[in-house]
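**Q** Sharing run.cif (mmCIF, C-alpha atoms) below.
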```
data_run
#
loop_
_atom_site.label_atom_id
_atom_site.label_comp_id
_atom_site.auth_asym_id
_atom_site.auth_seq_id
_atom_site.Cartn_x
_atom_site.Cartn_y
_atom_site.Cartn_z
CA MET A 1 0.00 0.00 0.00
CA LYS A 2 1.68 3.19 -1.22
CA HIS A 3 -1.24 5.63 -0.88
CA LEU A 4 -4.76 5.46 0.56
CA ILE A 5 -7.24 6.97 -1.87
CA ASP A 6 -10.24 4.65 -1.69
CA ILE A 7 -11.13 2.11 0.99
CA ARG A 8 -11.71 -0.46 -1.78
CA ASP A 9 -8.02 -0.22 -2.73
CA ILE A 10 -7.04 -2.11 0.41
CA THR A 11 -7.78 -5.70 1.25
CA THR A 12 -9.65 -6.94 4.30
CA ASP A 13 -6.32 -8.37 5.51
CA GLU A 14 -4.74 -4.93 5.33
CA ILE A 15 -7.73 -3.48 7.18
CA GLU A 16 -7.28 -6.17 9.83
CA GLN A 17 -3.58 -5.27 10.20
CA LEU A 18 -4.45 -1.58 10.63
CA ILE A 19 -7.08 -2.42 13.25
CA GLU A 20 -4.61 -4.63 15.11
CA LYS A 21 -2.00 -1.91 15.03
CA ALA A 22 -4.50 0.69 16.27
CA ASN A 23 -5.51 -1.61 19.12
CA ASP A 24 -1.86 -2.05 20.05
CA ILE A 25 -1.36 1.74 20.02
CA ILE A 26 -4.36 2.14 22.34
CA LYS A 27 -2.92 -0.50 24.66
CA ASN A 28 0.71 0.62 24.58
CA PRO A 29 0.83 4.30 23.58
CA GLU A 30 4.32 4.86 25.04
CA LYS A 31 5.77 2.31 22.59
CA TYR A 32 4.85 4.62 19.69
CA ARG A 33 5.84 8.02 21.11
CA GLU A 34 8.95 8.42 18.96
CA LYS A 35 8.16 6.21 15.98
CA CYS A 36 7.89 9.18 13.63
CA LYS A 37 10.62 11.35 15.12
CA TYR A 38 11.99 13.74 12.45
CA LYS A 39 9.16 12.82 10.07
CA LYS A 40 6.76 15.45 8.73
CA LEU A 41 3.09 15.19 7.84
CA ALA A 42 1.66 17.85 5.52
CA THR A 43 -2.05 18.48 5.91
CA LEU A 44 -3.31 20.06 2.70
CA PHE A 45 -6.88 21.08 3.40
CA PHE A 46 -8.33 22.87 0.39
CA GLU A 47 -11.69 22.70 2.15
CA PRO A 48 -12.29 23.44 5.83
CA SER A 49 -12.52 20.58 8.30
CA THR A 50 -12.06 20.47 12.03
CA ARG A 51 -11.95 16.95 13.33
CA THR A 52 -10.31 15.23 10.38
CA ARG A 53 -7.44 17.71 10.19
CA LEU A 54 -6.97 17.86 13.95
CA SER A 55 -7.06 14.09 14.28
CA PHE A 56 -4.38 13.75 11.59
CA GLU A 57 -2.26 16.35 13.32
CA ALA A 58 -2.79 14.80 16.75
CA ALA A 59 -1.95 11.37 15.31
CA MET A 60 1.37 12.59 13.89
CA MET A 61 2.22 14.48 17.08
CA GLU A 62 1.57 11.40 19.21
CA LEU A 63 3.96 9.49 16.99
CA GLY A 64 6.64 12.10 17.72
CA GLY A 65 6.48 13.67 14.26
CA ASN A 66 5.88 17.21 13.05
CA VAL A 67 3.07 18.77 11.09
CA LEU A 68 2.88 21.51 8.47
CA GLY A 69 0.20 22.59 6.03
CA PHE A 70 -2.81 24.81 5.48
CA SER A 71 -6.45 24.59 6.47
CA GLU A 72 -8.19 26.38 3.60
CA ALA A 73 -7.51 26.95 -0.08
CA GLN A 74 -7.21 30.71 0.45
CA SER A 75 -4.03 30.23 2.44
CA SER A 76 -2.43 28.11 -0.28
CA SER A 77 -1.19 28.87 -3.77
CA ALA A 78 -4.34 27.17 -5.10
CA SER A 79 -5.90 30.61 -4.69
CA LYS A 80 -3.38 31.83 -7.29
CA GLY A 81 -4.51 29.09 -9.64
CA GLU A 82 -1.85 26.46 -8.96
CA SER A 83 -2.84 22.95 -9.99
CA VAL A 84 -3.18 20.09 -7.53
CA SER A 85 -0.34 18.30 -9.33
CA ASP A 86 2.08 21.20 -8.89
CA THR A 87 1.09 21.83 -5.27
CA VAL A 88 1.70 18.20 -4.41
CA LYS A 89 4.99 17.97 -6.29
CA VAL A 90 6.27 20.90 -4.26
CA VAL A 91 4.89 19.73 -0.92
CA SER A 92 6.32 16.24 -1.37
CA CYS A 93 9.75 17.93 -1.37
CA TYR A 94 9.10 19.11 2.19
CA ALA A 95 6.99 16.40 3.79
CA ASP A 96 7.29 12.63 4.23
CA ILE A 97 3.57 11.99 4.01
CA ILE A 98 0.56 14.06 2.90
CA ALA A 99 -3.07 14.09 4.02
CA MET A 100 -5.27 15.93 1.54
CA ARG A 101 -8.85 17.16 1.60
CA HIS A 102 -10.17 18.76 -1.56
CA PRO A 103 -13.65 19.78 -2.74
CA LYS A 104 -13.11 18.22 -6.17
CA GLU A 105 -13.75 14.51 -6.50
CA GLY A 106 -10.64 12.60 -7.51
CA ALA A 107 -8.14 15.31 -6.50
CA PRO A 108 -6.22 13.00 -4.11
CA MET A 109 -5.93 10.41 -6.89
CA VAL A 110 -4.39 13.04 -9.17
CA ALA A 111 -2.04 13.92 -6.31
CA SER A 112 -1.04 10.28 -5.88
CA PHE A 113 0.07 10.13 -9.52
CA LYS A 114 2.48 13.01 -8.97
CA SER A 115 3.73 12.61 -5.42
CA ASP A 116 6.75 10.70 -4.19
CA ALA A 117 5.36 10.89 -0.67
CA PRO A 118 2.37 8.73 0.31
CA ILE A 119 -0.99 10.49 -0.13
CA ILE A 120 -3.90 9.94 2.21
CA ASN A 121 -7.32 10.99 0.97
CA ALA A 122 -8.84 12.97 3.82
CA GLY A 123 -12.06 13.52 1.87
CA ASP A 124 -12.69 14.51 -1.75
CA GLY A 125 -16.03 16.29 -2.10
CA GLY A 126 -18.95 13.91 -1.75
CA HIS A 127 -16.87 11.02 -3.05
CA ASN A 128 -14.54 9.15 -0.69
CA HIS A 129 -13.36 9.49 2.88
CA PRO A 130 -11.44 6.27 3.59
CA THR A 131 -9.95 7.24 6.96
CA GLN A 132 -13.45 7.86 8.31
CA THR A 133 -14.36 4.37 7.13
CA LEU A 134 -11.31 2.91 8.86
CA THR A 135 -12.37 4.80 12.00
CA ASP A 136 -15.87 3.32 11.75
CA LEU A 137 -14.52 -0.19 11.19
CA LEU A 138 -12.17 0.10 14.17
CA THR A 139 -15.06 1.29 16.36
CA ILE A 140 -17.38 -1.52 15.26
CA LYS A 141 -14.62 -4.09 15.75
CA ARG A 142 -13.82 -2.80 19.24
CA LYS A 143 -17.49 -2.73 20.22
CA LYS A 144 -18.66 -5.98 18.65
CA GLY A 145 -15.42 -7.93 18.51
CA LYS A 146 -16.10 -8.71 14.85
CA LEU A 147 -17.00 -7.19 11.50
CA SER A 148 -19.06 -10.13 10.26
CA ASP A 149 -22.42 -11.56 11.39
CA ILE A 150 -23.89 -8.19 12.38
CA THR A 151 -26.92 -6.11 11.44
CA VAL A 152 -26.00 -2.53 10.66
CA GLY A 153 -28.56 0.25 10.27
CA PHE A 154 -27.72 3.41 8.33
CA CYS A 155 -30.01 6.33 9.05
CA GLY A 156 -30.50 9.80 7.59
CA ASP A 157 -28.90 11.08 4.42
CA LEU A 158 -27.92 7.94 2.55
CA LYS A 159 -27.86 9.66 -0.81
CA PHE A 160 -25.13 12.27 -0.35
CA GLY A 161 -23.40 10.80 2.71
CA ARG A 162 -20.01 9.66 1.48
CA THR A 163 -19.20 8.05 4.83
CA VAL A 164 -22.25 5.82 4.39
CA HIS A 165 -21.25 4.75 0.87
CA SER A 166 -17.70 3.92 1.88
CA LEU A 167 -18.74 2.01 5.00
CA ILE A 168 -21.33 -0.01 3.08
CA ALA A 169 -18.67 -0.85 0.46
CA ALA A 170 -16.21 -1.87 3.17
CA LEU A 171 -18.68 -3.96 5.22
CA SER A 172 -20.10 -5.66 2.13
CA ARG A 173 -16.88 -7.66 1.93
CA TYR A 174 -17.48 -9.33 5.30
CA GLU A 175 -19.58 -12.44 5.84
CA ASN A 176 -23.23 -12.20 6.80
CA VAL A 177 -23.56 -8.47 7.36
CA LYS A 178 -27.18 -7.41 7.07
CA PHE A 179 -27.85 -3.82 6.00
CA VAL A 180 -30.91 -1.85 7.09
CA LEU A 181 -31.13 1.40 5.13
CA ILE A 182 -33.33 3.98 6.84
CA SER A 183 -34.03 7.24 5.01
CA PRO A 184 -36.74 9.38 3.43
CA ASP A 185 -37.41 8.55 -0.23
CA GLU A 186 -35.48 11.61 -1.40
CA LEU A 187 -32.32 10.55 0.42
CA LYS A 188 -32.12 6.82 -0.37
CA VAL A 189 -28.76 5.27 -1.29
CA PRO A 190 -27.79 5.90 -4.93
CA GLY A 191 -28.63 3.16 -7.44
CA TYR A 192 -24.98 2.21 -7.96
CA ILE A 193 -24.55 1.35 -4.26
CA ARG A 194 -27.61 -0.89 -4.45
CA LYS A 195 -26.54 -2.50 -7.71
CA ASP A 196 -22.73 -2.42 -7.84
CA VAL A 197 -22.13 -3.07 -4.14
CA LEU A 198 -25.04 -4.66 -2.27
CA LYS A 199 -26.47 -6.83 -5.05
CA LYS A 200 -23.07 -7.62 -6.54
CA GLU A 201 -21.72 -8.81 -3.20
CA LYS A 202 -25.02 -10.64 -2.57
CA CYS A 203 -25.64 -8.76 0.68
CA GLU A 204 -28.93 -8.97 2.50
CA PHE A 205 -30.46 -5.50 2.76
CA VAL A 206 -33.77 -3.80 3.41
CA GLU A 207 -34.82 -0.22 2.78
CA THR A 208 -37.31 1.54 5.00
CA SER A 209 -38.35 5.02 6.01
CA ASP A 210 -39.31 4.01 9.57
CA LEU A 211 -36.50 4.00 12.11
CA GLN A 212 -38.75 2.94 14.98
CA GLU A 213 -39.91 -0.17 13.14
CA VAL A 214 -36.40 -1.60 12.65
CA ILE A 215 -34.34 -0.25 15.55
CA GLY A 216 -34.83 -3.43 17.61
CA GLN A 217 -33.01 -5.54 14.98
CA LEU A 218 -29.83 -3.51 14.93
CA ASP A 219 -26.41 -4.25 16.41
CA VAL A 220 -25.00 -0.99 15.05
CA LEU A 221 -26.87 2.21 14.18
CA TYR A 222 -24.93 4.60 11.99
CA MET A 223 -26.56 8.04 12.13
CA THR A 224 -25.75 10.75 9.62
CA ARG A 225 -26.32 14.43 9.23
CA VAL A 226 -28.43 15.81 6.43
CA GLN A 227 -25.75 18.08 5.00
CA ARG A 228 -26.69 21.57 3.88
CA GLU A 229 -23.69 21.82 1.54
CA ARG A 230 -24.85 18.85 -0.57
CA PHE A 231 -28.17 20.48 -1.48
CA PHE A 232 -28.69 22.84 -4.36
CA ASN A 233 -32.06 23.87 -2.94
CA GLU A 234 -32.40 25.35 0.56
CA ALA A 235 -36.12 24.48 0.79
CA ASP A 236 -35.37 20.76 0.28
CA TYR A 237 -32.69 20.91 2.97
CA ILE A 238 -35.02 22.52 5.53
CA ARG A 239 -37.81 20.06 4.75
CA LEU A 240 -35.61 16.99 5.19
CA ARG A 241 -33.07 17.89 7.87
CA ASP A 242 -35.28 16.91 10.81
CA SER A 243 -36.52 13.68 9.24
CA TYR A 244 -34.70 11.35 11.60
CA ILE A 245 -33.86 12.57 15.04
CA LEU A 246 -32.75 9.96 17.56
CA THR A 247 -34.26 10.51 21.00
CA PRO A 248 -34.11 8.42 24.22
CA GLU A 249 -37.74 7.30 23.60
CA LYS A 250 -36.80 5.85 20.23
CA LEU A 251 -34.15 3.74 21.95
CA ASP A 252 -36.75 1.99 24.14
CA THR A 253 -37.03 -0.95 21.78
CA ALA A 254 -33.33 -1.02 20.82
CA LYS A 255 -30.96 -3.79 21.92
CA ALA A 256 -29.09 -3.23 25.17
CA ASP A 257 -25.77 -3.65 23.36
CA LEU A 258 -26.60 -1.48 20.35
CA SER A 259 -23.69 0.73 19.26
CA ILE A 260 -24.68 4.19 18.02
CA LEU A 261 -22.12 5.69 15.66
CA HIS A 262 -22.03 9.07 13.94
CA PRO A 263 -19.18 10.52 11.83
CA LEU A 264 -19.84 13.97 13.44
CA PRO A 265 -20.43 16.84 13.40
CA ARG A 266 -24.02 16.37 14.44
CA VAL A 267 -26.61 19.11 14.20
CA ASN A 268 -29.70 17.81 15.93
CA GLU A 269 -30.09 14.27 14.61
CA ILE A 270 -29.02 12.73 17.93
CA SER A 271 -30.49 14.26 21.05
CA THR A 272 -27.76 15.32 23.50
CA LYS A 273 -29.69 13.34 26.12
CA ILE A 274 -28.34 10.20 24.47
CA ASP A 275 -24.71 11.22 25.01
CA GLU A 276 -24.70 9.65 28.48
CA ASP A 277 -26.30 6.41 27.28
CA PRO A 278 -23.69 3.61 27.22
CA ARG A 279 -24.84 2.78 23.71
CA ALA A 280 -23.59 6.16 22.39
CA CYS A 281 -20.19 5.53 20.80
CA TYR A 282 -19.67 8.61 18.64
CA PHE A 283 -17.17 10.44 20.85
CA GLU A 284 -15.18 7.25 21.33
CA GLN A 285 -15.39 6.86 17.55
CA ALA A 286 -13.81 10.32 17.14
CA LEU A 287 -11.00 9.24 19.46
CA ASN A 288 -10.56 6.03 17.50
CA GLY A 289 -10.07 8.22 14.43
CA LYS A 290 -6.77 9.41 15.87
CA TYR A 291 -5.56 5.88 16.61
CA ILE A 292 -6.41 4.42 13.22
CA ARG A 293 -4.71 7.39 11.54
CA MET A 294 -1.61 6.70 13.64
CA ALA A 295 -1.70 3.10 12.43
CA LEU A 296 -2.14 4.26 8.85
CA ILE A 297 0.73 6.77 8.98
CA LEU A 298 3.02 4.03 10.32
CA LYS A 299 1.92 1.61 7.62
CA LEU A 300 2.40 4.09 4.77
CA LEU A 301 5.78 5.19 6.10
CA GLU A 302 6.71 1.51 6.49
CA ILE A 303 7.53 1.96 10.16
CA ASP A 304 6.83 -1.07 12.31
CA MET B 1 -20.05 -3.58 -51.99
CA ASN B 2 -16.46 -4.54 -52.85
CA ILE B 3 -13.20 -3.15 -51.62
CA ASP B 4 -11.08 -3.66 -54.71
CA SER B 5 -10.42 0.03 -54.92
CA ILE B 6 -8.30 -0.04 -51.74
CA LYS B 7 -4.70 -1.13 -52.14
CA ASN B 8 -3.30 -0.81 -48.67
CA GLY B 9 -5.41 0.28 -45.73
CA PHE B 10 -8.51 -0.58 -43.74
CA VAL B 11 -12.19 -1.15 -44.18
CA ILE B 12 -14.16 -0.56 -41.01
CA ASP B 13 -17.27 -2.64 -41.57
CA HIS B 14 -20.46 -3.27 -39.63
CA ILE B 15 -20.59 0.20 -38.13
CA LYS B 16 -24.04 0.79 -36.69
CA ALA B 17 -26.01 2.81 -39.25
CA GLY B 18 -25.66 6.48 -38.44
CA ASN B 19 -22.49 6.10 -36.36
CA SER B 20 -19.90 6.58 -39.09
CA MET B 21 -19.48 10.31 -38.53
CA GLN B 22 -18.86 9.68 -34.84
CA VAL B 23 -16.21 7.10 -35.73
CA TYR B 24 -14.73 9.54 -38.26
CA LYS B 25 -14.52 12.21 -35.59
CA TYR B 26 -13.09 10.12 -32.75
CA LEU B 27 -10.48 8.46 -34.98
CA ASN B 28 -9.46 11.91 -36.27
CA LEU B 29 -9.89 10.74 -39.84
CA GLY B 30 -10.45 14.33 -40.93
CA GLU B 31 -6.73 14.92 -40.43
CA LEU B 32 -5.67 12.22 -42.90
CA VAL B 33 -4.35 13.14 -46.33
CA CYS B 34 -5.06 9.70 -47.84
CA PRO B 35 -8.44 8.87 -49.43
CA VAL B 36 -11.22 8.15 -46.93
CA ALA B 37 -14.70 7.03 -48.00
CA ILE B 38 -17.76 7.01 -45.80
CA ILE B 39 -20.62 4.83 -46.91
CA LYS B 40 -23.84 5.37 -45.02
CA ASN B 41 -26.88 3.10 -44.84
CA ALA B 42 -25.39 0.27 -46.89
CA THR B 43 -27.55 -2.86 -47.04
CA SER B 44 -26.52 -5.55 -44.57
CA LYS B 45 -27.93 -9.06 -44.24
CA LYS B 46 -27.03 -9.16 -40.59
CA MET B 47 -27.86 -5.62 -39.53
CA GLY B 48 -30.41 -4.41 -42.07
CA LYS B 49 -28.45 -1.20 -42.55
CA LYS B 50 -24.87 -0.39 -41.70
CA ASP B 51 -22.18 2.22 -42.27
CA ILE B 52 -18.74 1.49 -43.69
CA ILE B 53 -15.55 3.55 -43.70
CA LYS B 54 -12.73 2.84 -46.14
CA ILE B 55 -9.28 4.24 -45.56
CA ASP B 56 -6.74 3.90 -48.36
CA GLY B 57 -3.52 4.38 -46.46
CA ASN B 58 -1.26 2.75 -43.91
CA ILE B 59 -2.20 4.54 -40.75
CA GLU B 60 -2.18 3.72 -37.05
CA LEU B 61 -5.77 2.84 -36.27
CA ASN B 62 -6.76 3.32 -32.63
CA LEU B 63 -8.66 0.12 -31.98
CA GLU B 64 -9.24 1.09 -28.33
CA VAL B 65 -11.26 4.12 -29.40
CA LEU B 66 -13.09 2.15 -32.07
CA GLY B 67 -13.89 -0.62 -29.59
CA TYR B 68 -15.37 1.93 -27.22
CA ILE B 69 -17.53 3.70 -29.82
CA ASN B 70 -18.68 0.69 -31.81
CA HIS B 71 -17.34 -2.59 -30.54
CA ASP B 72 -19.50 -4.61 -32.94
CA ALA B 73 -17.62 -3.20 -35.92
CA THR B 74 -15.04 -5.28 -37.76
CA VAL B 75 -11.79 -4.03 -39.19
CA ASN B 76 -10.52 -5.57 -42.42
CA VAL B 77 -6.84 -5.02 -43.04
CA VAL B 78 -6.12 -4.71 -46.76
CA LYS B 79 -2.73 -5.28 -48.32
CA ASN B 80 -2.11 -5.21 -52.06
CA GLY B 81 -5.82 -5.15 -52.66
CA GLU B 82 -6.50 -8.29 -50.58
CA ILE B 83 -8.07 -8.66 -47.14
CA VAL B 84 -5.26 -10.17 -45.10
CA GLU B 85 -6.78 -9.91 -41.67
CA LYS B 86 -10.20 -9.46 -40.05
CA LYS B 87 -10.07 -7.91 -36.63
CA HIS B 88 -12.97 -8.24 -34.22
CA LEU B 89 -13.09 -5.55 -31.63
CA GLU B 90 -13.49 -5.86 -27.91
CA LEU B 91 -14.65 -3.38 -25.31
CA PRO B 92 -11.42 -1.82 -24.06
CA GLU B 93 -10.71 -1.98 -20.32
CA THR B 94 -9.85 1.73 -20.31
CA VAL B 95 -10.39 4.65 -22.66
CA THR B 96 -7.94 7.50 -22.39
CA ASP B 97 -8.54 11.03 -23.68
CA VAL B 98 -11.49 10.06 -25.84
CA ILE B 99 -14.36 11.38 -23.77
CA LYS B 100 -14.52 13.91 -20.96
CA CYS B 101 -16.14 13.63 -17.55
CA LYS B 102 -19.28 15.72 -17.27
CA ASN B 103 -19.49 15.70 -13.47
CA PRO B 104 -19.01 19.37 -12.47
CA ARG B 105 -17.50 18.23 -9.16
CA CYS B 106 -14.80 16.12 -10.85
CA ILE B 107 -11.16 17.25 -10.61
CA THR B 108 -10.86 16.88 -14.41
CA THR B 109 -13.00 20.01 -14.80
CA THR B 110 -10.34 22.23 -13.23
CA GLU B 111 -6.97 20.47 -13.36
CA GLN B 112 -4.92 21.34 -16.45
CA ASP B 113 -3.09 18.74 -18.54
CA ILE B 114 -4.80 15.79 -16.94
CA GLN B 115 -5.58 12.56 -18.78
CA HIS B 116 -9.29 11.82 -18.99
CA ILE B 117 -9.46 8.12 -18.21
CA PHE B 118 -12.57 5.95 -18.08
CA LYS B 119 -12.60 2.36 -16.88
CA LEU B 120 -14.98 -0.41 -17.91
CA THR B 121 -16.89 -1.32 -14.72
CA ASP B 122 -19.81 -3.32 -16.10
CA ARG B 123 -19.09 -5.28 -19.28
CA GLU B 124 -22.62 -6.59 -19.63
CA ASN B 125 -24.16 -3.14 -19.69
CA ARG B 126 -21.10 -1.44 -21.23
CA VAL B 127 -20.72 0.99 -18.38
CA TYR B 128 -17.60 3.12 -18.21
CA ARG B 129 -16.81 5.27 -15.18
CA CYS B 130 -14.38 8.13 -14.69
CA ILE B 131 -11.42 6.82 -12.67
CA TYR B 132 -11.29 10.02 -10.61
CA CYS B 133 -14.90 10.59 -9.52
CA GLU B 134 -16.60 7.35 -10.71
CA ALA B 135 -19.30 9.23 -12.63
CA LYS B 136 -20.73 7.23 -15.51
CA ALA B 137 -19.53 8.17 -18.99
CA ASN B 138 -22.14 10.16 -20.91
CA ASP B 139 -24.36 10.64 -17.87
#
```
Let me see the structure of the file written as structure tokens.
**A**
Amino acid sequence: MKHLIDIRDITTDEIEQLIEKANDIIKNPEKYREKCKYKKLATLFFEPSTRTRLSFEAAMMELGGNVLGFSEAQSSSASKGESVSDTVKVVSCYADIIAMRHPKEGAPMVASFKSDAPIINAGDGGHNHPTQTLTDLLTIKRKKGKLSDITVGFCGDLKFGRTVHSLIAALSRYENVKFVLISPDELKVPGYIRKDVLKKEKCEFVETSDLQEVIGQLDVLYMTRVQRERFFNEADYIRLRDSYILTPEKLDTAKADLSILHPLPRVNEISTKIDEDPRACYFEQALNGKYIRMALILKLLEID
Amino acid sequence: MNIDSIKNGFVIDHIKAGNSMQVYKYLNLGELVCPVAIIKNATSKKMGKKDIIKIDGNIELNLEVLGYINHDATVNVVKNGEIVEKKHLELPETVTDVIKCKNPRCITTTEQDIQHIFKLTDRENRVYRCIYCEAKAND
């Protein structure tokens, strides 16, 4: 593995290795404190992000490395019209590894063609976000002890939510994962996910618009935000944003060991009253994001 | 229809009726200085109607492009007035710099000097997707 652009580029064995490494980092953090001493991570964020950028930076710092970069396109030479290829060629002269977020789909792939340093896709528009998927997989594995034989519900915006598409693609490769897709009609998963992923991999899945009806079946509930920036029409956004709000009452019929995940940030789709419920895993999930990124940086830099 | 008039070159046969101008365009045949004949709506036992293109010259024919546009076509290679080879086309695994991605969110819409590459993702339904953003070709 030279770069990480798409979660489908890596095998389930490689995912397993990353999860094992992350678990070891969680268990023995002191062992990793100087693993990346004198190494530099460049965070090229052409689009604003808080948690992804900070978790990459925290990951590199905890490995003893240094961080440089920018957090919006305006503070880079992209604002002067520099191409992604040129930016990356220059930055790879200064950094050992690069994490890139870009509003254009496929930008990190273009970067990977030009860079000598490993490129990590930290999100490209509504397309891919593989490190979020690795974070989700690590969280599910830590909570359930397995990634197979589970029923996973996805709720909210399943049409534009890239984290949903990537996680479905990743989980579809494991045995006996049942998918329950909960969304309003307007925000159902795109046809290619249904056809090229779920049907192709012969996964069992159901689609429903009623969260309450299915919540009792779920081992994992993956909530998502209805994202304003993915809508062209403000009226549609306002009409749909409150479609699926998780409240303590809705959890009455849920399993006692349900794990509630959310890629964050949330707006109002999970009531803050749920934060204290032991089934709420989203803040732990955010923490796991740092550990899996540490594992990934080590893997890409070929440091044991 | 005979091809005796061609000495050395190609006859692209079994082009879907109406597609010959598209083939002409994508293969850049307009730039050739050798004779090129386009026959439209020729009678075909197999297809009812078909188009044919004859090229009287030894040129490099891009079979990848032709396979993408009209993979049912056949290419007859003519040498000294005789057909010496019949090539059947296949759907190419990738098509480079033939079509452009129409997804406005794709990096190919802003990045200069980038190759526009599409990959065959569904052979049965002849679906090609942009390697960068995965949008379907011609969507």
**Q** Dump as a list of chain:residue names the residues of chain A that approach chain B to within 9 Å, counting only C-alpha atoms.
**A**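 Every residue meeting the condition is included here: A:Ser83, A:Val84, A:Ser85, A:Pro103, A:Lys104, A:Glu105, A:Gly106, A:Ala107, A:Pro108, A:Met109, A:Val110, A:Asp124, A:Gly125, A:Gly126, A:His127, A:Asn128, A:Asp196.
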**Q** Is it possible to get the residues within 10 Å of (-39.2, 5.2, 14.3) (coordinates as in the file, counting all atoms listed in the file) written as a ChimeraX atom specification?
**A** /A:182,209-215,244-247,249-251,253
**Q** Between CA of Ser55 in chain A and CA of Phe113 in chain A, what is the spacing in Å?
**A**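 Computed distance, CA of Phe113 in chain A to CA of Ser55 in chain A, equals 25.2 Å.
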**Q** Can you translate the PyMOL selection byres ((chain B and resi 56-67) around 6) into the concrete residues it hits in this file, as a count of residues only?
**A** 14
**Q** The PyMOL selection byres ((chain B and resi 19) around 9) - which residues does that actually catch in the file I just gave you? List them as a list in words.
**A**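 The output of the PyMOL selection byres ((chain B and resi 19) around 9) on this file is Ile15, Lys16, Ala17, Gly18, Ser20, Met21, Gln22, Val23, Tyr24, Lys40, Lys50, Asp51, Ile69 and Asn70 of chain B.
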**Q** Could you pull range 191-195 of chain A out of the structure I just pasted and write it to a file containing all heavy atoms, as an mmCIF file, in the first residue's frame?
**A**
```cif
data_model
loop_
_atom_site.group_PDB
_atom_site.id
_atom_site.type_symbol
_atom_site.label_atom_id
_atom_site.label_comp_id
_atom_site.auth_asym_id
_atom_site.auth_seq_id
_atom_site.Cartn_x
_atom_site.Cartn_y
_atom_site.Cartn_z
ATOM 1 N N GLY A 191 -28.428 4.440 -6.750
ATOM 2 C CA GLY A 191 -28.628 3.160 -7.436
ATOM 3 C C GLY A 191 -27.354 2.339 -7.549
ATOM 4 O O GLY A 191 -27.388 1.117 -7.412
ATOM 5 N N TYR A 192 -26.204 2.995 -7.747
ATOM 6 C CA TYR A 192 -24.978 2.213 -7.959
ATOM 7 C C TYR A 192 -24.545 1.495 -6.679
ATOM 8 O O TYR A 192 -23.923 0.438 -6.744
ATOM 9 C CB TYR A 192 -23.849 3.068 -8.556
ATOM 10 C CG TYR A 192 -23.176 4.027 -7.602
ATOM 11 C CD1 TYR A 192 -22.078 3.636 -6.842
ATOM 12 C CD2 TYR A 192 -23.631 5.324 -7.469
ATOM 13 C CE1 TYR A 192 -21.466 4.516 -5.964
ATOM 14 C CE2 TYR A 192 -23.024 6.208 -6.601
ATOM 15 C CZ TYR A 192 -21.949 5.801 -5.847
ATOM 16 O OH TYR A 192 -21.335 6.668 -4.970
ATOM 17 N N ILE A 193 -24.891 2.043 -5.512
ATOM 18 C CA ILE A 193 -24.552 1.351 -4.261
ATOM 19 C C ILE A 193 -25.422 0.095 -4.140
ATOM 20 O O ILE A 193 -24.949 -0.984 -3.786
ATOM 21 C CB ILE A 193 -24.789 2.273 -3.031
ATOM 22 C CG1 ILE A 193 -23.820 3.454 -3.050
ATOM 23 C CG2 ILE A 193 -24.700 1.497 -1.712
ATOM 24 C CD1 ILE A 193 -22.403 3.131 -2.669
ATOM 25 N N ARG A 194 -26.700 0.252 -4.505
ATOM 26 C CA ARG A 194 -27.614 -0.890 -4.447
ATOM 27 C C ARG A 194 -27.167 -1.976 -5.431
ATOM 28 O O ARG A 194 -27.086 -3.144 -5.089
ATOM 29 C CB ARG A 194 -29.021 -0.401 -4.812
ATOM 30 C CG ARG A 194 -30.139 -1.128 -4.114
ATOM 31 C CD ARG A 194 -31.466 -0.453 -4.385
ATOM 32 N NE ARG A 194 -31.578 0.819 -3.693
ATOM 33 C CZ ARG A 194 -31.852 1.986 -4.294
ATOM 34 N NH1 ARG A 194 -32.021 2.040 -5.589
ATOM 35 N NH2 ARG A 194 -31.942 3.097 -3.597
ATOM 36 N N LYS A 195 -26.818 -1.542 -6.647
ATOM 37 C CA LYS A 195 -26.545 -2.502 -7.712
ATOM 38 C C LYS A 195 -25.085 -3.002 -7.700
ATOM 39 O O LYS A 195 -24.827 -4.198 -7.682
ATOM 40 C CB LYS A 195 -26.843 -1.825 -9.054
ATOM 41 C CG LYS A 195 -26.797 -2.720 -10.241
ATOM 42 C CD LYS A 195 -27.445 -2.043 -11.447
ATOM 43 C CE LYS A 195 -27.242 -2.868 -12.693
ATOM 44 N NZ LYS A 195 -25.895 -2.775 -13.246
#
```
